[in-house]
Each structure stands twice: as C-alpha cells, then as structure tokens.
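Enquirer: Below is the structure I would like to discuss, written out as structure tokens.
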Amino acid sequence: MKQLVAYSSQGGNTKKLAEFIFSRLAGDKEIKPVADAPDPADYDVVAVGFWFKSGGPDPESQEYLKKCKGAGKIFLFATHGAAAGSELAEIGMNRARELTAGMQIAGSFSCPGEVSAKVLETAANKDPQPPWLKDAAAAKGHPNNDDLYKLGEALEKAGLVEKPQPPEKRMFS
C-alpha cells in the first residue's frame, strides 16, 4: 500500500503533526510539503495537513486537496490558533471536507498550534480582529504530547495505524 503525507506548515505546527503521522505509518510511505507533493492519485492513502487561513485550509493546501479525487483514502489534519473543538476549528475542517466532497475520507484531526509573535501582532492590529485571536494565547506550546496522542487515536480510528501507546508509555518529541 502506497501512502503519502503532504502538508503545508507556516510555523512548524502542521509539519510536527505530519512527521508524527509519517512515523506511525508502516510500509511504503513518503512525506512532502504540499508544494512538492506528487500526484495524489498514485497513492492508496493520502494524509493532507494544513493550517487555517480565513476560516479554512491555506490556499496552497486547498489546491492540493482538489487534486486528491483519484487517491484512495484521505486523512485530513490541521493546526490553528482557535481553541480545540471550537466552532472556528469545526468550520475550518468542514471547509476542507467540502473540498474533498465525494472522496473517501478515512478520518480527520485538528488541534491548536502555537501562533508566532509576528502573526499575533499583525492580527491584533487588524480592525476587526480575527475571531481566533482570543484563543491564540491558549495555543502556546501546541501541538504537544497530548495532541499527538489524540492524533494517534484518530489515525487508529481511521484504520491507518495500530493502537497508540497509552499516555504513560508515550515518548513523543
């Protein structure tokens, strides 16, 4: 089974999730930034990761998601400045699902990701301020080990990996 992890990462958060997914997949696998990712139609499993911009996947990832029609199973993953499980996080992931409508979505996962000081400053100076800004301070230090464990659970639920280690045995970096 050929597997691809393709990701777009502005500050390193989504790349961290991509590398974790890649480490958990067994067999024939590749990992590439979305800008360098090959044709997804050549893969049985494609995990596509992105960061949110304007309430959905970043533009580069949106274009790649549209190309995934011929791929096998799709797993969506994202990082964002919004709170985990928030309405904003759900809206962003739903936009990704809309881009992949009709495709075989195996599962999805999103979690907060630390927002750089420069992005925070720019957002704070906007009028109106973006709605995720109020949650951004709580995203500091994310994705963390708990996020990675939950990602492992989502991968298992999607049937892409074996059961993750229990929290007391995990050693994520």
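By order in the structure tokens, chains are A, B, ...; within a chain, residues start at 1; ligands start at 1, following the order shown.
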Residues near Gly27 (chain A), anyone? I mean within 9 Å using only C-alpha atoms, not counting same-chain ones fewer than 2 positions away, as a list in words.

Expert: Met1, Lys2, Gln3, Leu25 and Lys29 of chain A

Enquirer: Would you list the contacts of region 97-100 of chain A as a list in words, taking every protein, DNA or RNA residue within 12 Å and counting only C-alpha atoms, but skipping same-chain residues closer than 6 positions in sequence?

Expert: Val46, Val48, Gly56, Pro57, Pro59, Ser61, Gln62, Glu63, Tyr64, Leu65, Lys66, Lys67, Cys68, Lys69, Gly70, Ala71, Gly72, Lys73, Ile74, Phe75, Leu76, Phe77, Ala78, Glu90, Ile91, Ala106, Gly107, Ser108 and Phe109 of chain A

Enquirer: As an mmCIF file with N, CA, C and O atoms, in the first residue's frame, list the residues of region 34-163 of chain A assigned to strand (DSSP E) by DSSP on the backbone atoms of this structure.

Expert:
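Dumped everything to result.cif:
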data_model
loop_
_atom_site.group_PDB
_atom_site.id
_atom_site.type_symbol
_atom_site.label_atom_id
_atom_site.label_comp_id
_atom_site.auth_asym_id
_atom_site.auth_seq_id
_atom_site.Cartn_x
_atom_site.Cartn_y
_atom_site.Cartn_z
ATOM 1 N N VAL A 45 -3.333 5.819 0.279
ATOM 2 C CA VAL A 45 -3.669 6.664 1.431
ATOM 3 C C VAL A 45 -2.925 7.987 1.272
ATOM 4 O O VAL A 45 -1.721 7.991 1.006
ATOM 5 N N VAL A 46 -3.651 9.083 1.436
ATOM 6 C CA VAL A 46 -3.036 10.408 1.398
ATOM 7 C C VAL A 46 -3.503 11.165 2.640
ATOM 8 O O VAL A 46 -4.702 11.381 2.832
ATOM 9 N N ALA A 47 -2.548 11.535 3.484
ATOM 10 C CA ALA A 47 -2.831 12.377 4.646
ATOM 11 C C ALA A 47 -2.432 13.791 4.256
ATOM 12 O O ALA A 47 -1.274 14.032 3.887
ATOM 13 N N VAL A 48 -3.383 14.717 4.301
ATOM 14 C CA VAL A 48 -3.116 16.092 3.888
ATOM 15 C C VAL A 48 -3.278 17.005 5.099
ATOM 16 O O VAL A 48 -4.335 17.042 5.717
ATOM 17 N N GLY A 49 -2.198 17.743 5.398
ATOM 18 C CA GLY A 49 -2.195 18.644 6.546
ATOM 19 C C GLY A 49 -2.078 20.092 6.128
ATOM 20 O O GLY A 49 -1.404 20.415 5.147
ATOM 21 N N PHE A 50 -2.711 20.959 6.890
ATOM 22 C CA PHE A 50 -2.749 22.380 6.538
ATOM 23 C C PHE A 50 -2.956 23.220 7.783
ATOM 24 O O PHE A 50 -3.310 22.729 8.845
ATOM 25 N N TRP A 51 -2.738 24.507 7.624
ATOM 26 C CA TRP A 51 -3.046 25.481 8.660
ATOM 27 C C TRP A 51 -4.226 26.292 8.146
ATOM 28 O O TRP A 51 -4.485 26.329 6.941
ATOM 29 N N PHE A 52 -4.958 26.884 9.070
ATOM 30 C CA PHE A 52 -6.146 27.636 8.670
ATOM 31 C C PHE A 52 -5.806 29.073 8.320
ATOM 32 O O PHE A 52 -5.040 29.735 9.028
ATOM 33 N N LYS A 53 -6.387 29.523 7.242
ATOM 34 C CA LYS A 53 -6.305 30.920 6.838
ATOM 35 C C LYS A 53 -7.702 31.326 6.386
ATOM 36 O O LYS A 53 -8.309 30.629 5.568
ATOM 37 N N GLY A 56 -10.391 28.461 6.765
ATOM 38 C CA GLY A 56 -10.301 27.199 6.043
ATOM 39 C C GLY A 56 -8.850 26.860 5.769
ATOM 40 O O GLY A 56 -7.944 27.562 6.223
ATOM 41 N N PRO A 57 -8.614 25.780 5.021
ATOM 42 C CA PRO A 57 -7.239 25.419 4.692
ATOM 43 C C PRO A 57 -6.533 26.551 3.956
ATOM 44 O O PRO A 57 -7.166 27.297 3.199
ATOM 45 N N LYS A 73 -7.872 6.431 0.207
ATOM 46 C CA LYS A 73 -8.363 7.063 1.440
ATOM 47 C C LYS A 73 -7.651 8.388 1.696
ATOM 48 O O LYS A 73 -6.451 8.513 1.465
ATOM 49 N N ILE A 74 -8.407 9.350 2.215
ATOM 50 C CA ILE A 74 -7.869 10.663 2.560
ATOM 51 C C ILE A 74 -7.994 10.848 4.074
ATOM 52 O O ILE A 74 -9.044 10.550 4.657
ATOM 53 N N PHE A 75 -6.926 11.337 4.702
ATOM 54 C CA PHE A 75 -6.965 11.714 6.117
ATOM 55 C C PHE A 75 -6.599 13.190 6.183
ATOM 56 O O PHE A 75 -5.549 13.602 5.675
ATOM 57 N N LEU A 76 -7.468 13.993 6.776
ATOM 58 C CA LEU A 76 -7.270 15.430 6.884
ATOM 59 C C LEU A 76 -6.743 15.780 8.268
ATOM 60 O O LEU A 76 -7.267 15.276 9.269
ATOM 61 N N PHE A 77 -5.732 16.659 8.331
ATOM 62 C CA PHE A 77 -5.254 17.119 9.631
ATOM 63 C C PHE A 77 -4.850 18.584 9.543
ATOM 64 O O PHE A 77 -4.434 19.058 8.488
ATOM 65 N N ALA A 78 -5.034 19.291 10.662
ATOM 66 C CA ALA A 78 -4.816 20.739 10.637
ATOM 67 C C ALA A 78 -4.382 21.264 11.994
ATOM 68 O O ALA A 78 -4.652 20.655 13.032
ATOM 69 N N THR A 79 -3.724 22.423 11.957
ATOM 70 C CA THR A 79 -3.432 23.189 13.163
ATOM 71 C C THR A 79 -3.992 24.594 12.960
ATOM 72 O O THR A 79 -4.138 25.057 11.832
ATOM 73 N N HIS A 80 -4.297 25.231 14.083
ATOM 74 C CA HIS A 80 -4.954 26.535 14.019
ATOM 75 C C HIS A 80 -4.774 27.274 15.337
ATOM 76 O O HIS A 80 -4.444 26.676 16.353
ATOM 77 N N GLN A 104 -13.098 9.474 -0.497
ATOM 78 C CA GLN A 104 -13.173 8.573 0.646
ATOM 79 C C GLN A 104 -12.364 9.152 1.808
ATOM 80 O O GLN A 104 -11.150 8.969 1.884
ATOM 81 N N ILE A 105 -13.041 9.853 2.721
ATOM 82 C CA ILE A 105 -12.385 10.453 3.871
ATOM 83 C C ILE A 105 -12.320 9.403 4.983
ATOM 84 O O ILE A 105 -13.342 8.987 5.519
ATOM 85 N N ALA A 106 -11.103 8.988 5.318
ATOM 86 C CA ALA A 106 -10.912 7.974 6.353
ATOM 87 C C ALA A 106 -11.062 8.575 7.740
ATOM 88 O O ALA A 106 -11.486 7.897 8.678
ATOM 89 N N GLY A 107 -10.698 9.852 7.894
ATOM 90 C CA GLY A 107 -10.778 10.499 9.194
ATOM 91 C C GLY A 107 -10.170 11.878 9.142
ATOM 92 O O GLY A 107 -9.682 12.320 8.095
ATOM 93 N N SER A 108 -10.207 12.549 10.291
ATOM 94 C CA SER A 108 -9.642 13.891 10.370
ATOM 95 C C SER A 108 -9.211 14.189 11.798
ATOM 96 O O SER A 108 -9.638 13.519 12.742
ATOM 97 N N PHE A 109 -8.380 15.215 11.926
ATOM 98 C CA PHE A 109 -7.885 15.644 13.232
ATOM 99 C C PHE A 109 -7.450 17.095 13.119
ATOM 100 O O PHE A 109 -6.841 17.487 12.128
ATOM 101 N N SER A 110 -7.764 17.871 14.145
ATOM 102 C CA SER A 110 -7.212 19.220 14.217
ATOM 103 C C SER A 110 -6.920 19.550 15.672
ATOM 104 O O SER A 110 -7.533 18.995 16.579
ATOM 105 N N CYS A 111 -5.947 20.426 15.851
ATOM 106 C CA CYS A 111 -5.587 20.850 17.198
ATOM 107 C C CYS A 111 -5.002 22.258 17.127
ATOM 108 O O CYS A 111 -4.592 22.714 16.059
ATOM 109 N N PRO A 112 -4.964 22.944 18.260
ATOM 110 C CA PRO A 112 -4.325 24.254 18.265
ATOM 111 C C PRO A 112 -2.844 24.130 17.906
ATOM 112 O O PRO A 112 -2.216 23.098 18.135
#

Enquirer: Applying 12 Å and only C-alpha atoms, which residues near Pro143 (chain A) remain after dropping the ones on its own chain fewer than 4 positions away? List them as a PDB file with N, CA and C atoms, in the first residue's frame.

Expert:
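Generated file (selection20.pdb):
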ATOM      1  N   GLY A  11       4.323  27.775  10.534  1.00  0.00           N
ATOM      2  CA  GLY A  11       5.182  27.978  11.698  1.00  0.00           C
ATOM      3  C   GLY A  11       5.785  26.701  12.252  1.00  0.00           C
ATOM      4  N   GLY A  12       5.596  25.579  11.579  1.00  0.00           N
ATOM      5  CA  GLY A  12       6.150  24.312  12.036  1.00  0.00           C
ATOM      6  C   GLY A  12       5.159  23.413  12.761  1.00  0.00           C
ATOM      7  N   ASN A  13       3.984  23.918  13.094  1.00  0.00           N
ATOM      8  CA  ASN A  13       2.998  23.119  13.831  1.00  0.00           C
ATOM      9  C   ASN A  13       2.452  21.962  13.003  1.00  0.00           C
ATOM     10  N   THR A  14       2.011  22.252  11.793  1.00  0.00           N
ATOM     11  CA  THR A  14       1.445  21.203  10.948  1.00  0.00           C
ATOM     12  C   THR A  14       2.535  20.223  10.518  1.00  0.00           C
ATOM     13  N   LYS A  15       3.735  20.719  10.328  1.00  0.00           N
ATOM     14  CA  LYS A  15       4.861  19.829   9.989  1.00  0.00           C
ATOM     15  C   LYS A  15       5.096  18.828  11.123  1.00  0.00           C
ATOM     16  N   LYS A  16       4.966  19.273  12.363  1.00  0.00           N
ATOM     17  CA  LYS A  16       5.131  18.375  13.510  1.00  0.00           C
ATOM     18  C   LYS A  16       4.101  17.249  13.460  1.00  0.00           C
ATOM     19  N   LEU A  17       2.854  17.581  13.153  1.00  0.00           N
ATOM     20  CA  LEU A  17       1.819  16.545  13.025  1.00  0.00           C
ATOM     21  C   LEU A  17       2.137  15.624  11.851  1.00  0.00           C
ATOM     22  N   ALA A  18       2.579  16.195  10.725  1.00  0.00           N
ATOM     23  CA  ALA A  18       2.905  15.398   9.539  1.00  0.00           C
ATOM     24  C   ALA A  18       4.012  14.397   9.846  1.00  0.00           C
ATOM     25  N   PHE A  20       4.796  13.182  12.736  1.00  0.00           N
ATOM     26  CA  PHE A  20       4.253  12.163  13.634  1.00  0.00           C
ATOM     27  C   PHE A  20       3.471  11.121  12.840  1.00  0.00           C
ATOM     28  N   ALA A  78      -5.034  19.291  10.662  1.00  0.00           N
ATOM     29  CA  ALA A  78      -4.816  20.739  10.637  1.00  0.00           C
ATOM     30  C   ALA A  78      -4.382  21.264  11.994  1.00  0.00           C
ATOM     31  N   THR A  79      -3.724  22.423  11.957  1.00  0.00           N
ATOM     32  CA  THR A  79      -3.432  23.189  13.163  1.00  0.00           C
ATOM     33  C   THR A  79      -3.992  24.594  12.960  1.00  0.00           C
ATOM     34  N   HIS A  80      -4.297  25.231  14.083  1.00  0.00           N
ATOM     35  CA  HIS A  80      -4.954  26.535  14.019  1.00  0.00           C
ATOM     36  C   HIS A  80      -4.774  27.274  15.337  1.00  0.00           C
ATOM     37  N   GLY A  81      -5.012  28.565  15.322  1.00  0.00           N
ATOM     38  CA  GLY A  81      -4.921  29.374  16.534  1.00  0.00           C
ATOM     39  C   GLY A  81      -6.172  29.311  17.384  1.00  0.00           C
ATOM     40  N   ALA A  83      -9.372  27.559  19.572  1.00  0.00           N
ATOM     41  CA  ALA A  83      -9.429  26.533  20.615  1.00  0.00           C
ATOM     42  C   ALA A  83      -9.800  25.184  20.009  1.00  0.00           C
ATOM     43  N   ALA A  84      -9.297  24.115  20.618  1.00  0.00           N
ATOM     44  CA  ALA A  84      -9.624  22.764  20.168  1.00  0.00           C
ATOM     45  C   ALA A  84     -11.131  22.547  20.276  1.00  0.00           C
ATOM     46  N   PHE A 109      -8.380  15.215  11.926  1.00  0.00           N
ATOM     47  CA  PHE A 109      -7.885  15.644  13.232  1.00  0.00           C
ATOM     48  C   PHE A 109      -7.450  17.095  13.119  1.00  0.00           C
ATOM     49  N   SER A 110      -7.764  17.871  14.145  1.00  0.00           N
ATOM     50  CA  SER A 110      -7.212  19.220  14.217  1.00  0.00           C
ATOM     51  C   SER A 110      -6.920  19.550  15.672  1.00  0.00           C
ATOM     52  N   CYS A 111      -5.947  20.426  15.851  1.00  0.00           N
ATOM     53  CA  CYS A 111      -5.587  20.850  17.198  1.00  0.00           C
ATOM     54  C   CYS A 111      -5.002  22.258  17.127  1.00  0.00           C
ATOM     55  N   PRO A 112      -4.964  22.944  18.260  1.00  0.00           N
ATOM     56  CA  PRO A 112      -4.325  24.254  18.265  1.00  0.00           C
ATOM     57  C   PRO A 112      -2.844  24.130  17.906  1.00  0.00           C
ATOM     58  N   GLY A 113      -2.323  25.212  17.354  1.00  0.00           N
ATOM     59  CA  GLY A 113      -0.906  25.316  17.055  1.00  0.00           C
ATOM     60  C   GLY A 113      -0.437  26.689  17.499  1.00  0.00           C
ATOM     61  N   GLU A 114       0.733  26.726  18.086  1.00  0.00           N
ATOM     62  CA  GLU A 114       1.262  27.998  18.577  1.00  0.00           C
ATOM     63  C   GLU A 114       1.395  29.002  17.431  1.00  0.00           C
ATOM     64  N   VAL A 115       0.918  30.197  17.683  1.00  0.00           N
ATOM     65  CA  VAL A 115       0.936  31.258  16.679  1.00  0.00           C
ATOM     66  C   VAL A 115       2.138  32.151  16.954  1.00  0.00           C
ATOM     67  N   ALA A 138      -3.909  30.487  24.365  1.00  0.00           N
ATOM     68  CA  ALA A 138      -4.027  29.114  24.866  1.00  0.00           C
ATOM     69  C   ALA A 138      -3.369  28.097  23.928  1.00  0.00           C
ATOM     70  N   ALA A 139      -3.060  28.503  22.696  1.00  0.00           N
ATOM     71  CA  ALA A 139      -2.414  27.605  21.744  1.00  0.00           C
ATOM     72  C   ALA A 139      -0.904  27.506  21.972  1.00  0.00           C
ATOM     73  N   ASP A 147      -1.766  16.275  22.265  1.00  0.00           N
ATOM     74  CA  ASP A 147      -2.290  16.420  20.902  1.00  0.00           C
ATOM     75  C   ASP A 147      -1.813  15.265  20.022  1.00  0.00           C
ATOM     76  N   LEU A 148      -0.544  14.910  20.139  1.00  0.00           N
ATOM     77  CA  LEU A 148      -0.003  13.819  19.330  1.00  0.00           C
ATOM     78  C   LEU A 148      -0.642  12.483  19.693  1.00  0.00           C
ATOM     79  N   TYR A 149      -0.909  12.279  20.964  1.00  0.00           N
ATOM     80  CA  TYR A 149      -1.586  11.045  21.373  1.00  0.00           C
ATOM     81  C   TYR A 149      -2.985  10.984  20.760  1.00  0.00           C
ATOM     82  N   LYS A 150      -3.696  12.100  20.813  1.00  0.00           N
ATOM     83  CA  LYS A 150      -5.046  12.157  20.232  1.00  0.00           C
ATOM     84  C   LYS A 150      -4.989  11.963  18.720  1.00  0.00           C
ATOM     85  N   LEU A 151      -3.954  12.480  18.088  1.00  0.00           N
ATOM     86  CA  LEU A 151      -3.767  12.256  16.661  1.00  0.00           C
ATOM     87  C   LEU A 151      -3.562  10.764  16.398  1.00  0.00           C
ATOM     88  N   PHE A 172       6.851  11.049  22.713  1.00  0.00           N
ATOM     89  CA  PHE A 172       6.822  11.873  21.509  1.00  0.00           C
ATOM     90  C   PHE A 172       7.773  13.030  21.696  1.00  0.00           C
ATOM     91  N   SER A 173       8.404  13.430  20.609  1.00  0.00           N
ATOM     92  CA  SER A 173       9.281  14.608  20.703  1.00  0.00           C
ATOM     93  C   SER A 173       8.756  15.699  19.816  1.00  0.00           C
TER      94      SER A 173
END

Enquirer: Go ahead and compute the interatomic distance for CA of Val5 (chain A) and CA of Glu87 (chain A), in Å to one decimal.

Expert: 26.3 Å

Enquirer: Can you work out which one of A:Ala124, A:Ala137, A:Lys32, A:Pro131 has the shortest atom-to-atom distance to Ser86 (chain A), counting only C-alpha atoms?

Expert: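 Looking only at the distances to Ser86 (chain A), the closest residue turns out to be A:Pro131.
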
Enquirer: What's the separation between CA of Glu162 (chain A) and CA of Phe22 (chain A), in Å to one decimal place?

Expert: 13.2 Å

Enquirer: Rounded to one decimal place, report the CA of Asn145 (chain A)-CA of Leu120 (chain A) distance in Å.

Expert: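 Atom-to-atom, CA of Asn145 (chain A) to CA of Leu120 (chain A), that is 23.6 Å.
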